[in-house]
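**Student:** Here it is, the structure in full.
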Amino acid sequence: MIGRASAIDDSFEPPGWFKAEGDHFVVLYPLSEDEDTAQGILNHAEDYYNDIADDIGYSRYHNFWTWNNRVKIILFEDHGSYVRQTGQPPWSQGFASIYSELFRSRIIVSYKDQPNFIEVILPHEITHLILHDFIGFDRPIPRFFDEGVAQLEQKDDSLSHMDVMARLITGGNIIPLQDLLTYDLQAHKNDAKSVSIFYVESLYIVDFLIKTYGKDAFKEMCRHLRDGDTFEQALKSSYYPTLDSMQTLQEKWEDYAKQYL
């Protein structure tokens with residue numbers, strides 16, 4: 001969904017832009033006459049922060065993102081300005097600085113009137129930032145888990161296609177979970193079908209874990225990842241003996257998904 005950050009960082013604050021400030025976020029908006037819109041985005045961001053932090057277990061351990069550590073949400077005037085200023089590819093709709101090289105900023109960047117911003121991009125990118133903040137920027141998080149959790153927090157109809165997932169499974173078109181652990185999105189960037197399956201599969205695996213075994217076990221797994229466990233170690237520690245390996249997870253997840261055929 002997002003590319004790599006360019007010249008935009010947390011020092012970006014052009015003169016004349018309207019600034020709305022909350023407990024955890026600062027929204028920078030190009031037109032002061034749109035103050036109500038900027039305030040609405042800020043309110044959504046604060047609500048998402050609370051919900052996502054609770055889902056991951058972050059809220060029990062941290063009180064980050066306040067005062068000088070607040071996350072900046074930067075919205076350019078239009079898509080053209082966004083592409084020119086950030087160096088993002090034309091297909092990009094937004095990015096979070098979690099994918100910059102040094103993780104030095106907490107920023108979310110998009111553009112005004114992006115139709116999917118509030119319901120999709122904003123909660124998606126806040127989730128990436130919270131998840132990495134909680135688990136640790138130096139801890140390896142499988143990309144499928146990172147993207148699965150972020151998609152799950154979106155406020156769209158992503159979860160209404162379990163029948164599609166079930167047909168992919170029965171048709172033998174899924175990525176084996178063991179391979180999903182090391183799946184390289186960049187290496188598959190020209191394979192649209194594989195990338196699409198990766199995102200759909202990632203979403204439904206995370207959804208399965210939470211719906212089937214509850215939020216407490218999921219939060220425990222996030223804590224094990226934070227403490228340095230590999231994904232499979234965290235899975236075993238949090239769901240044993242029901243889930244004792246990636247293979248067992250795959251079998252139980254496939255059985256669950258096939259109910260939707």
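Letters A, B, ... go to the chains of the structure tokens in the order shown; residues in each chain start at 1; ligands are counted from 1 in the same order.
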Check region 40-253 of chain A with DSSP on the backbone and list each residue it calls alpha helix (DSSP H), as an MDAnalysis selection string.

**Tutor:** chainID A and resid 40:56 79:86 122:135 143:152 162:170 177:180 192:213 215:226 231:239 246:253

**Student:** Would you mind listing what lies within 6 Å of region 236-249 of chain A as a list in words, with only C-alpha atoms counted and same-chain residues fewer than 3 positions away left out?

**Tutor:**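 Within the cut-off, the hits are Ala217, Glu220, Met221, Gln233, Lys252 and Trp253 of chain A.
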
**Student:** Quick one: residues within 12 Å of Leu168 (chain A), only C-alpha atoms counted, chain neighbours fewer than 2 positions away excluded, as number ranges by chain?

**Tutor:** A: 161-166, 170-176, 193-194, 196-198, 200-201, 254, 257-258, 260-261

**Student:** For C-alpha atoms, I'd like the residues from the last selection saved as a tab-separated table (two decimals), in the first residue's frame.

**Tutor:**
chain	number	residue	atom	x	y	z
A	161	HIS	CA	-14.73	-11.92	1.11
A	162	MET	CA	-14.08	-15.10	3.08
A	163	ASP	CA	-15.70	-17.08	0.25
A	164	VAL	CA	-12.94	-15.82	-2.07
A	165	MET	CA	-10.34	-16.98	0.41
A	166	ALA	CA	-12.00	-20.37	0.70
A	170	THR	CA	-9.63	-25.33	-2.32
A	171	GLY	CA	-8.05	-24.43	-5.65
A	172	GLY	CA	-4.55	-24.80	-4.23
A	173	ASN	CA	-3.76	-21.15	-4.96
A	174	ILE	CA	-2.59	-19.98	-1.55
A	175	ILE	CA	0.93	-19.29	-0.35
A	176	PRO	CA	1.95	-21.96	2.23
A	193	LYS	CA	-1.83	-12.11	-8.52
A	194	SER	CA	0.73	-13.31	-5.97
A	196	SER	CA	-3.06	-9.91	-4.06
A	197	ILE	CA	-3.12	-13.41	-2.56
A	198	PHE	CA	-0.47	-12.34	-0.05
A	200	VAL	CA	-5.86	-11.42	1.34
A	201	GLU	CA	-4.22	-14.38	3.06
A	254	GLU	CA	-7.98	-23.82	6.08
A	257	ALA	CA	-12.13	-20.86	5.89
A	258	LYS	CA	-13.79	-23.73	4.01
A	260	TYR	CA	-17.62	-20.16	3.99
A	261	LEU	CA	-17.96	-22.04	0.69

**Student:** Within region 34-228 of chain A, find each residue whose DSSP state, derived from the backbone, is strand (DSSP E or B), and express the selection as a list in words.

**Tutor:**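 So the strand (DSSP E or B) residues in region 34-228 of chain A would be Val71, Lys72, Ile73, Ile74, Leu75, Phe76, Phe95, Ala96, Ile107, Ile108, Val109, Ser110 and Tyr111 of chain A.
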
**Student:** Just N, CA, C and O atoms for this one: save the residues we selected as a tab-separated table (two decimals), in the first residue's frame.

**Tutor:**
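Dumped to out19.tsv:
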chain	number	residue	atom	x	y	z
A	71	VAL	N	2.63	11.99	16.54
A	71	VAL	CA	2.74	11.63	15.13
A	71	VAL	C	2.18	12.76	14.28
A	71	VAL	O	1.11	13.29	14.55
A	72	LYS	N	2.92	13.11	13.22
A	72	LYS	CA	2.44	14.13	12.30
A	72	LYS	C	1.70	13.48	11.15
A	72	LYS	O	2.18	12.52	10.55
A	73	ILE	N	0.52	14.00	10.86
A	73	ILE	CA	-0.26	13.58	9.69
A	73	ILE	C	-0.23	14.75	8.71
A	73	ILE	O	-0.76	15.83	8.99
A	74	ILE	N	0.43	14.54	7.58
A	74	ILE	CA	0.66	15.60	6.60
A	74	ILE	C	-0.18	15.33	5.36
A	74	ILE	O	-0.05	14.26	4.74
A	75	LEU	N	-1.06	16.27	5.01
A	75	LEU	CA	-1.94	16.10	3.86
A	75	LEU	C	-1.68	17.21	2.84
A	75	LEU	O	-1.90	18.39	3.14
A	76	PHE	N	-1.18	16.82	1.66
A	76	PHE	CA	-0.91	17.80	0.62
A	76	PHE	C	-2.21	18.23	-0.07
A	76	PHE	O	-3.25	17.60	0.08
A	95	PHE	N	1.89	7.13	2.73
A	95	PHE	CA	2.91	6.30	3.35
A	95	PHE	C	3.10	6.70	4.81
A	95	PHE	O	2.74	7.81	5.23
A	96	ALA	N	3.67	5.78	5.56
A	96	ALA	CA	4.06	6.06	6.94
A	96	ALA	C	5.57	5.91	7.02
A	96	ALA	O	6.17	5.09	6.32
A	107	ILE	N	5.58	9.78	11.01
A	107	ILE	CA	4.74	10.64	10.18
A	107	ILE	C	3.88	9.77	9.28
A	107	ILE	O	4.24	8.65	8.93
A	108	ILE	N	2.72	10.31	8.93
A	108	ILE	CA	1.83	9.69	7.96
A	108	ILE	C	1.54	10.76	6.91
A	108	ILE	O	1.16	11.88	7.26
A	109	VAL	N	1.74	10.42	5.65
A	109	VAL	CA	1.64	11.42	4.59
A	109	VAL	C	0.66	10.95	3.52
A	109	VAL	O	0.72	9.80	3.08
A	110	SER	N	-0.22	11.84	3.12
A	110	SER	CA	-1.14	11.55	2.01
A	110	SER	C	-1.54	12.89	1.41
A	110	SER	O	-0.76	13.85	1.45
A	111	TYR	N	-2.73	12.99	0.85
A	111	TYR	CA	-3.14	14.23	0.22
A	111	TYR	C	-4.63	14.47	0.45
A	111	TYR	O	-5.41	13.55	0.71

**Student:** Restricting the calculation to only C-alpha atoms: of A:Gln93, A:Ser202, A:Gln88, A:Ser59, which residue gets closest to Leu131 (chain A)?

**Tutor:**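 Of A:Gln93, A:Ser202, A:Gln88, A:Ser59, the one nearest Leu131 (chain A), counting only C-alpha atoms, is A:Ser59.
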
**Student:** Just give me the gap between CA of Asn69 (chain A) and CA of Val27 (chain A) in Å, one decimal is fine.

**Tutor:**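 Those two atoms sit 13.4 Å apart.
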
**Student:** Quick one: residues within 10 Å of Val195 (chain A), only C-alpha atoms, excluding same-chain residues fewer than 5 positions away - as a ChimeraX atom specification?

**Tutor:** /A:183-190,200-201

**Student:** Need to verify the contact set: region 6-21 of chain A, 7 Å, only C-alpha atoms, exclusion of same-chain residues closer than 3 positions in sequence. Can you return it as JSON, numbers by chain?

**Tutor:** {"A": [25, 26, 27, 28, 29, 30, 31, 32, 35, 38, 39, 42, 72, 86, 87, 105, 106, 107]}

**Student:** Those residues you just picked out, can you put them in a file as a PDB file, in the first residue's frame with C-alpha atoms?

**Tutor:**
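Wrote part13.pdb, looks like this:
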ATOM      1  CA  PHE A  25      -1.288  13.498  16.658  1.00  0.00           C
ATOM      2  CA  VAL A  26      -0.663  16.761  14.844  1.00  0.00           C
ATOM      3  CA  VAL A  27      -2.526  17.249  11.547  1.00  0.00           C
ATOM      4  CA  LEU A  28      -0.960  19.606   8.994  1.00  0.00           C
ATOM      5  CA  TYR A  29      -3.439  20.749   6.372  1.00  0.00           C
ATOM      6  CA  PRO A  30      -2.716  23.105   3.451  1.00  0.00           C
ATOM      7  CA  LEU A  31      -5.849  25.258   3.654  1.00  0.00           C
ATOM      8  CA  SER A  32      -6.822  27.106   6.808  1.00  0.00           C
ATOM      9  CA  GLU A  35     -10.154  23.707   9.741  1.00  0.00           C
ATOM     10  CA  ALA A  38      -8.491  18.839   9.699  1.00  0.00           C
ATOM     11  CA  GLN A  39     -10.094  18.623  13.144  1.00  0.00           C
ATOM     12  CA  LEU A  42      -7.494  14.476  14.097  1.00  0.00           C
ATOM     13  CA  LYS A  72       2.445  14.130  12.297  1.00  0.00           C
ATOM     14  CA  THR A  86       7.491  13.197  -1.540  1.00  0.00           C
ATOM     15  CA  GLY A  87       9.013  11.451  -4.547  1.00  0.00           C
ATOM     16  CA  SER A 105      10.190   9.972  12.248  1.00  0.00           C
ATOM     17  CA  ARG A 106       6.638   9.111  13.084  1.00  0.00           C
ATOM     18  CA  ILE A 107       4.744  10.635  10.183  1.00  0.00           C
TER      19      ILE A 107
END

**Student:** Write out as a PDB file with N, CA, C and O atoms, in the first residue's frame each polymer residue whose atoms come within 12 Å of Asp54 (chain A), counting only C-alpha atoms; drop sequence neighbours fewer than 6 positions from it.

**Tutor:**
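Final output, out29.pdb:
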ATOM      1  N   ASP A  47      -9.182   8.417  17.943  1.00  0.00           N
ATOM      2  CA  ASP A  47     -10.040   7.258  18.200  1.00  0.00           C
ATOM      3  C   ASP A  47      -9.359   5.970  17.735  1.00  0.00           C
ATOM      4  O   ASP A  47      -9.377   4.949  18.434  1.00  0.00           O
ATOM      5  N   TYR A  48      -8.748   6.003  16.539  1.00  0.00           N
ATOM      6  CA  TYR A  48      -8.052   4.823  16.030  1.00  0.00           C
ATOM      7  C   TYR A  48      -6.900   4.434  16.950  1.00  0.00           C
ATOM      8  O   TYR A  48      -6.666   3.248  17.219  1.00  0.00           O
ATOM      9  N   ARG A  60      -1.439  -1.060  27.507  1.00  0.00           N
ATOM     10  CA  ARG A  60      -1.161  -1.511  28.878  1.00  0.00           C
ATOM     11  C   ARG A  60       0.270  -1.212  29.311  1.00  0.00           C
ATOM     12  O   ARG A  60       0.593  -1.249  30.487  1.00  0.00           O
ATOM     13  N   TYR A  61       1.139  -0.928  28.349  1.00  0.00           N
ATOM     14  CA  TYR A  61       2.563  -0.830  28.675  1.00  0.00           C
ATOM     15  C   TYR A  61       3.195   0.513  28.346  1.00  0.00           C
ATOM     16  O   TYR A  61       4.256   0.826  28.834  1.00  0.00           O
ATOM     17  N   HIS A  62       2.562   1.319  27.483  1.00  0.00           N
ATOM     18  CA  HIS A  62       3.218   2.514  26.990  1.00  0.00           C
ATOM     19  C   HIS A  62       2.306   3.734  27.034  1.00  0.00           C
ATOM     20  O   HIS A  62       1.096   3.615  26.961  1.00  0.00           O
ATOM     21  N   THR A 127      -1.726   1.660  12.515  1.00  0.00           N
ATOM     22  CA  THR A 127      -1.470   0.302  13.003  1.00  0.00           C
ATOM     23  C   THR A 127      -0.027  -0.095  12.785  1.00  0.00           C
ATOM     24  O   THR A 127       0.619  -0.656  13.689  1.00  0.00           O
ATOM     25  N   ILE A 130       2.070   1.780  15.440  1.00  0.00           N
ATOM     26  CA  ILE A 130       1.875   1.274  16.801  1.00  0.00           C
ATOM     27  C   ILE A 130       2.495  -0.115  16.953  1.00  0.00           C
ATOM     28  O   ILE A 130       3.167  -0.411  17.950  1.00  0.00           O
ATOM     29  N   LEU A 131       2.279  -0.981  15.975  1.00  0.00           N
ATOM     30  CA  LEU A 131       2.800  -2.345  16.054  1.00  0.00           C
ATOM     31  C   LEU A 131       4.320  -2.339  16.154  1.00  0.00           C
ATOM     32  O   LEU A 131       4.900  -3.039  16.998  1.00  0.00           O
ATOM     33  N   PHE A 134       5.469  -0.896  19.524  1.00  0.00           N
ATOM     34  CA  PHE A 134       5.277  -1.839  20.623  1.00  0.00           C
ATOM     35  C   PHE A 134       6.282  -2.987  20.567  1.00  0.00           C
ATOM     36  O   PHE A 134       6.943  -3.301  21.554  1.00  0.00           O
ATOM     37  N   GLU A 153      -7.517  -3.520  10.868  1.00  0.00           N
ATOM     38  CA  GLU A 153      -7.973  -2.294  11.527  1.00  0.00           C
ATOM     39  C   GLU A 153      -8.639  -1.316  10.564  1.00  0.00           C
ATOM     40  O   GLU A 153      -9.186  -0.306  10.997  1.00  0.00           O
ATOM     41  N   LYS A 215      -8.741 -12.081  21.857  1.00  0.00           N
ATOM     42  CA  LYS A 215      -7.752 -11.001  21.844  1.00  0.00           C
ATOM     43  C   LYS A 215      -6.629 -11.206  22.853  1.00  0.00           C
ATOM     44  O   LYS A 215      -5.503 -10.752  22.637  1.00  0.00           O
ATOM     45  N   ASP A 216      -6.913 -11.867  23.961  1.00  0.00           N
ATOM     46  CA  ASP A 216      -5.875 -12.018  24.980  1.00  0.00           C
ATOM     47  C   ASP A 216      -4.700 -12.840  24.462  1.00  0.00           C
ATOM     48  O   ASP A 216      -3.534 -12.493  24.695  1.00  0.00           O
ATOM     49  N   PHE A 218      -3.888 -13.193  21.362  1.00  0.00           N
ATOM     50  CA  PHE A 218      -3.240 -12.399  20.323  1.00  0.00           C
ATOM     51  C   PHE A 218      -2.298 -11.366  20.951  1.00  0.00           C
ATOM     52  O   PHE A 218      -1.168 -11.168  20.485  1.00  0.00           O
ATOM     53  N   LYS A 219      -2.752 -10.700  21.994  1.00  0.00           N
ATOM     54  CA  LYS A 219      -1.899  -9.731  22.676  1.00  0.00           C
ATOM     55  C   LYS A 219      -0.668 -10.416  23.261  1.00  0.00           C
ATOM     56  O   LYS A 219       0.441  -9.859  23.240  1.00  0.00           O
ATOM     57  N   CYS A 222       1.863 -10.880  20.570  1.00  0.00           N
ATOM     58  CA  CYS A 222       2.571  -9.622  20.306  1.00  0.00           C
ATOM     59  C   CYS A 222       3.637  -9.355  21.363  1.00  0.00           C
ATOM     60  O   CYS A 222       4.734  -8.878  21.056  1.00  0.00           O
TER      61      CYS A 222
END

**Student:** For CA of Phe231 (chain A) and CA of Leu129 (chain A), determine how far apart the two atoms are, in Å to one decimal place.

**Tutor:** 18.6 Å

**Student:** From the options A:Asp138, A:Asp207, A:Asp179, A:Glu232, which residue's atoms come nearest to Gln151 (chain A), counting only C-alpha atoms?

**Tutor:**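 Answer, going by the shortest atom-to-atom distance: A:Asp207.
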
**Student:** Give me the residues within 9 Å of Leu152 (chain A) as a ChimeraX atom specification, counting only C-alpha atoms and dropping any in the same chain fewer than 2 places off.

**Tutor:** /A:124,147-150,154-155,158-159,203-204,206-207

**Student:** Any chance you can output those residues with C-alpha atoms as a PDB file, in the first residue's frame?

**Tutor:**
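Written out: selection12.pdb:
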ATOM      1  CA  HIS A 124      -3.752   1.118   8.319  1.00  0.00           C
ATOM      2  CA  GLU A 147       0.087  -6.200   6.853  1.00  0.00           C
ATOM      3  CA  GLY A 148      -2.566  -8.547   8.220  1.00  0.00           C
ATOM      4  CA  VAL A 149      -2.958  -6.588  11.449  1.00  0.00           C
ATOM      5  CA  ALA A 150      -2.971  -3.259   9.571  1.00  0.00           C
ATOM      6  CA  GLN A 154      -9.250  -0.724   8.296  1.00  0.00           C
ATOM      7  CA  LYS A 155     -12.839   0.492   8.279  1.00  0.00           C
ATOM      8  CA  SER A 158     -12.029  -6.212   3.495  1.00  0.00           C
ATOM      9  CA  LEU A 159     -13.442  -8.940   5.721  1.00  0.00           C
ATOM     10  CA  LEU A 203      -5.686 -10.485   6.579  1.00  0.00           C
ATOM     11  CA  TYR A 204      -7.649 -13.687   7.052  1.00  0.00           C
ATOM     12  CA  VAL A 206      -4.786 -12.665  11.583  1.00  0.00           C
ATOM     13  CA  ASP A 207      -8.584 -12.456  11.636  1.00  0.00           C
TER      14      ASP A 207
END

**Student:** May I ask which of the residues A:Phe145, A:Gln114, A:Asp156, A:Phe208 is the closest one to Leu181 (chain A), counting only C-alpha atoms?

**Tutor:**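 Among A:Phe145, A:Gln114, A:Asp156, A:Phe208, it is A:Phe145 that comes nearest to Leu181 (chain A).
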
**Student:** At what distance in Å, to one decimal, does CA of Ile210 (chain A) lie from CA of Leu177 (chain A)?

**Tutor:**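 Pair CA of Leu177 (chain A) / CA of Ile210 (chain A) returns 17.0 Å.
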